[in-house]
Amino acid sequence: MRCKYACGSHESLTRRAFLGGTAAGALSMLGFGGMTQVDAAKKLASQQKQVVVFWLSGGVSQLETWDPKPGVETGGPFQAISTSAPGVQISELLPYTAQQMHHLALVRGINTKENDHGKGAYIMQTGRKKQPGFAYPYLGSTFSHHLSPPNSPLPGYISVGVGGSSAESTFLGPRHAPLVLSNGKAPSNLGLHSSMTADRDKLRRSLRHKFSQRFEQKRRTAHTEVYNESFDQAAALMARRDIFDFSHFSDKDVERYGKHDFGRHCLMARQLIEKGVTFVKVGHTNYDTHSENFNFHIEQLGEFDKPFATFISDLYDRGLLEHTLIICMCEFGRTPRINQRVGRDHWGTAWSVALGGTGIKGGAVSGKTNETGTKVIDREVNGGHLFHTYYQAVGLDSTEEFYPNGQPIAKADPQTEPIKEILA
Amino acid sequence: MFWTNMRVYVLLLVVFLSHALFAQSQPAVAATIPEPPLVAKKPVLPAAKPLHRIIDQQIQQGHKDYQKLSSVRCSDSEFLRRVTLDLTGRIPSIEQTRAFLTEKRPEKRTILVDQLLGSPEYARHISQQLDVTLMERLRKKYIDVGAWEEFLRQSVAENKPLDQMVREILSADGSKKEDLAAARFYLARDGDVNELTRDISRIFLGADLTCAQCHDHPDVNDWKQDHYYGISAFLVRSFVFKDKKKKQTVFAEKAEGEVKFESVFEVRDKTSKGPETTLPVVFNGSKVPEPAFKKGEEYKVKPAKDVRPVPKYSRREQLGAAITSPENRRFARTMSNRLWAMVMGRGIVHPLDADHSENPPSHPELLDTLTDQMMAHQFDLKWYLRELVLSETYQRSSANDLFNSKDAEELDDSKFTHAILKPLTPEQFAWAVLEATGQAAVYRNSLKKKLTEESLRKKLVGYERQFVSLFGGLPGKPVEGFEATADQILYLSNNQAIQGILSARAGNTAGRVLKVPVEQPEKAAEELYLSVLNRHPDQAETKEIVSLLAGKTGKERSDLVSDLIWALVMSSEFRFNH
């Protein structure tokens, strides 16, 4: 009998297998940095799919973004506007995004039945309901695992401006845990200490290698190999620290993206995608608008709209959108009912997510809510459907199981299926 | 074999009968017949033969070619480094190394072991190991972590029996001042019944029952849903209560509440009319019966708003006794196996949390002996660890010529033919680095008369914390296998904290090496190797250092010495206890 439910036995297996498989030969990849940017980009385009998640922390209002309901009591004060996708209207708070709508698809029929921030975030980032005793990896770790080239010296999952926990990768191991660039800073200790020169560093590394080899004769070497590989990985990361050099954005770009953290983080994300990082998460906060929902959304979306749209258009212009999946989501939507403080509360019952880029049919819309937005009336989907869709958009069979450590794990909830109508 | 089994069956019968008699007034109990409990066999104490001899005998008997395959007895320097790390959590200082290597008494290893076991560092290190086992580096929640650590350290220092320590932890609800620290086990897990059930069965019973939460375990026939909910039943009435008046958070309990469960796959019993309930029970043992109270009379303190209820009968209070009861051999067996793995690098049952019939122990008879002796010696931790490290099995070299030949496949770790390489724990690694670079020596000198284990630790604990945060794995996860990540190496390679302690200063390793006259480079090589790797360099190694140092003076020489220390500290020989 196959265990269809999430059992911890998967976790109890060693994570050694991942480390062994990923780090070997990292040194040989050092040559990668020497390729011209165009070559590198071409190579990536032909082989590697990438993913960017925009995480609107707190729960953005679907009514003020992807599923506006102007003119009804629950609709709020904003109008709907036409977009570059024929027949698709979104909130007037997203005028720049509206011009990129032909790259984006909307899923308006989401019902995750979850109004708790933590649990909702878990569903949206793992495709599963939280179960005690078992932890699925978050999608950053999952896609890092599935999509990163095996010998890549680059971290597979980088999180910008939204935090991230090493626990996200669970049984996939630390190789796929998020590298968190908090406040737009490169990882620590990437550069040599001021007292050290490159030559000295090279010498001490080669001595270390020699001493280790001597010890490893006549001994079992499973662990020592992993240890030696981590030195190679670190050297590779140091050699590619250019991907974390965010000091060279042009004034024009800084202007286009906006001189605020989110604008800068979007620029960083663009660079990370250009340089070949598999999965990037960019955060924008805080949408938890229990009071003053409309003023807050004017402010928040006013900051979000332009850099988000610019990011999509830049990726398209550079040919990167062809192999990059974009997901704009959060933990849940907001109540159609407007509360006494002119706020909207948590609402996982009928809300929207936007997708774009590779594998996605630009301008497509799936699902429909009723007139007041309180209920999904057509094509109801949940986190599982979305996960199937993500997988298929990047060309992976979501109905297969994967075997991270010899145990079968369903990529996405087998009770659900992809949202085919938005897949290209 | 038959007679052994017979004895168990007779015992079982007694258990069943007493159960059945009692059950007359307890219909809930009579409804389910427990499976054969893991009843304690009466420990058979061998006449005067010390455990470490029995260990060697049974390990050697465990494999027909053992003599041919096993490594030689390890050298004094290998033993010194290994046992110092295992019992005190750091490598020996250069003075200790020199003293031990020149010591001539034949029983010097035993003398060393007893010295280490008597040191304050023993209590610190072993309690840290216990802490990681019990708390899996969970962060602070409600209870002060320092107080908890001190509770463990004190317990190990006074060699409190392990079963008693576990009973204290499992009975602590945090309501009394004296058990506040021990309540961390429950409270750091926020009293979550499923999390606690999983952790208690895994840590104390060697059974990862997670899969048995929703159905009988799909991979392990021994593990049933009943086992999971038997443990849950002890905890189901407990909850975290924030006492506003006393400004404390405690693990409180109600007088009612049953676990209810059914398989998500199938109805196990066709006559069943829905979810089953169970009384508390540890694995296949007997169910813990409970007194019945008239309605309305179940409480000493009745539940009310902002009031901590106190039931007349506490289910949770029974948990510690039930887990550590002599009837439950699983506890002694799991603890014996865990401590064995800590010292030997691998469990006799391995993985440690997979003790079931389809994953038999590598040396079943030995595990039985260890369990018996653990119980017979009243869970005496110090005695047990002493016996393990005095065994020849422990004292084998990690090197084995056969690793380079075809026979290497036969050198499976489970045969204990050689010492298994053990990655240093984050704490061991930190303190080993501080000792090897001479940073610890600098602080020992500066503390002079005020030098104690505690005062030195206070000075250097910042390093330990950095290592733990980088090497300590994920909170709430058992440490498995060995992980090495790039960010750890970036820290070791480029961070100021490490780079800073490598450069020469009075009394540290680089300082001492640079003080050796330039015309005696062999002595410099010796100083380096004794300080970092606790052994003399061999001829080739001496030659290598001599030729590297040749002609280097001034800054060039001091840079090179720092780089050599770094390279030795970062070598595999240093990273693993071998």
# chains A, B, ... in the order shown; residues from 1 in each chain; ligands from 1
>>> select_by_dssp(residues="segment 89-325 of chain A", states="strand (DSSP E)", output="PyMOL selection string")
chain A and resi 89-91+104-110+157-160+179-181+279-285+324-325
>>> closest_atom_pairs(of="chain B", to="chain A", cutoff="8 Å", atoms="only C-alpha atoms", output="CSV")
residue,atom,partner,partner_atom,distance
B:Asn194,CA,A:Pro132,CA,6.4
B:Glu195,CA,A:Gly133,CA,6.3
B:Arg198,CA,A:Gly133,CA,7.2
B:Asp208,CA,A:Ser9,CA,7.5
B:Thr210,CA,A:Gly8,CA,5.3
B:Cys211,CA,A:Cys7,CA,4.4
B:Cys214,CA,A:Tyr5,CA,8.0
B:Pro218,CA,A:Cys3,CA,6.2
B:Ser398,CA,A:Arg219,CA,6.4
B:Ala399,CA,A:Arg219,CA,5.0
B:Asn400,CA,A:Lys218,CA,5.1
B:Asp401,CA,A:Lys218,CA,5.3
B:Leu402,CA,A:Lys218,CA,7.0
B:Phe403,CA,A:Lys218,CA,5.1
B:Asn404,CA,A:Lys218,CA,6.0
B:Leu421,CA,A:Arg220,CA,7.8
B:Pro423,CA,A:His223,CA,7.9
B:Leu474,CA,A:Ala167,CA,6.2
B:Glu480,CA,A:Thr14,CA,6.0
B:Gly481,CA,A:Thr14,CA,5.7
B:Phe482,CA,A:His223,CA,6.6
B:Glu483,CA,A:Arg16,CA,6.9
B:Ala484,CA,A:Tyr227,CA,5.6
B:Thr485,CA,A:Ser230,CA,5.4
B:Ala486,CA,A:Ala234,CA,4.4
B:Asp487,CA,A:Ala234,CA,6.9
B:Ile489,CA,A:Phe231,CA,6.0
B:Leu490,CA,A:Asn189,CA,5.4
B:Tyr491,CA,A:Asn189,CA,5.8
B:Ser493,CA,A:Leu192,CA,7.7
B:Asn494,CA,A:His193,CA,5.1
B:Asn495,CA,A:Asn189,CA,5.7
B:Gln496,CA,A:His193,CA,6.8
B:Gln499,CA,A:His193,CA,7.4
B:Asp563,CA,A:Arg204,CA,5.5
B:Leu564,CA,A:Arg204,CA,6.7
B:Trp566,CA,A:Arg204,CA,7.2
B:Ala567,CA,A:Arg208,CA,4.3
B:Leu568,CA,A:Arg208,CA,6.3
B:Met570,CA,A:Arg208,CA,6.4
B:Ser571,CA,A:Ser212,CA,4.9
B:Ser572,CA,A:Ser212,CA,4.9
B:Glu573,CA,A:Phe215,CA,5.8
>>> residues_around(residues="segment 290-292 of chain B", least_positions_apart="2", cutoff="9 Å", atoms="only C-alpha atoms", output="PyMOL selection string")
chain B and resi 26+279+288+294+298+313+315
>>> residues_around(residues="segment 284-296 of chain A", least_positions_apart="2", cutoff="6 Å", atoms="only C-alpha atoms", output="CSV table (one decimal) with C-alpha atoms, in the first residue's frame")
chain,number,residue,atom,x,y,z
A,56,LEU,CA,2.6,40.3,-1.6
A,57,SER,CA,2.9,39.6,2.1
A,58,GLY,CA,-0.2,40.1,4.2
A,59,GLY,CA,-2.7,39.3,1.4
A,60,VAL,CA,-3.4,41.7,-1.4
A,298,ILE,CA,-3.4,53.1,-3.4
A,299,GLU,CA,-0.1,53.5,-1.6
A,300,GLN,CA,1.1,49.9,-1.8
A,341,ARG,CA,-12.7,50.6,9.7
A,342,VAL,CA,-13.0,50.7,5.9
A,343,GLY,CA,-10.8,47.7,5.8
A,344,ARG,CA,-11.1,44.3,4.3
A,345,ASP,CA,-10.3,41.1,6.4
>>> residues_around(residues="segment 68-74 of chain A", least_positions_apart="6", cutoff="10 Å", atoms="only C-alpha atoms", output="CSV table (one decimal) with C-alpha atoms, in the first residue's frame")
chain,number,residue,atom,x,y,z
A,61,SER,CA,-7.0,42.4,-2.2
A,62,GLN,CA,-8.2,40.6,-5.3
A,80,ALA,CA,-11.8,48.6,-13.7
A,81,ILE,CA,-9.6,49.4,-16.7
A,89,GLN,CA,-10.0,44.1,-17.1
A,90,ILE,CA,-8.1,44.7,-13.9
A,91,SER,CA,-8.2,47.4,-11.2
A,92,GLU,CA,-7.3,50.9,-12.2
A,335,THR,CA,-13.1,40.0,2.2
A,336,PRO,CA,-15.5,41.5,-0.2
A,337,ARG,CA,-17.3,42.9,2.8
A,338,ILE,CA,-15.9,46.2,3.8
A,344,ARG,CA,-11.1,44.3,4.3
A,369,THR,CA,-16.5,34.8,-8.9
A,370,ASN,CA,-20.0,35.9,-8.4
A,371,GLU,CA,-21.1,39.5,-8.8
A,372,THR,CA,-20.2,40.6,-5.3
A,373,GLY,CA,-17.0,38.5,-5.2
A,374,THR,CA,-18.1,36.3,-2.3
>>> closest_residue(among="A:Arg108, A:His297, A:Lys361, A:Lys49", to="Ile273 of chain A", atoms="only C-alpha atoms")
A:Lys49
>>> atom_distance(atom1="atom CA of Val513 of chain B", atom2="atom CA of Leu101 of chain B")
19.6 Å
>>> atom_distance(atom1="atom CA of Phe332 of chain A", atom2="atom CA of Leu106 of chain A")
14.9 Å
>>> select_by_dssp(residues="segment 122-217 of chain A", states="helix (DSSP H, G or I)", output="JSON, numbers by chain")
{"A": [122, 123, 124, 125, 126, 139, 140, 141, 142, 143, 144, 145, 146, 147, 166, 167, 168, 169, 170, 171, 172, 174, 175, 176, 182, 183, 184, 198, 199, 200, 201, 202, 203, 204, 205, 206, 207, 208, 209, 210, 211, 212, 213, 214, 215, 216]}
>>> closest_residue(among="B:Tyr122, B:Phe79, B:Phe239, B:Tyr463", to="Arg109 of chain B", atoms="only C-alpha atoms")
B:Phe79
>>> residues_around(residues="segment 386-401 of chain A", least_positions_apart="5", cutoff="9 Å", atoms="only C-alpha atoms", output="PyMOL selection string")
chain A and resi 49-51+107+124-127+139+143+146-147+323-325+327+355+357-360+381+408-414+416-420+422-424
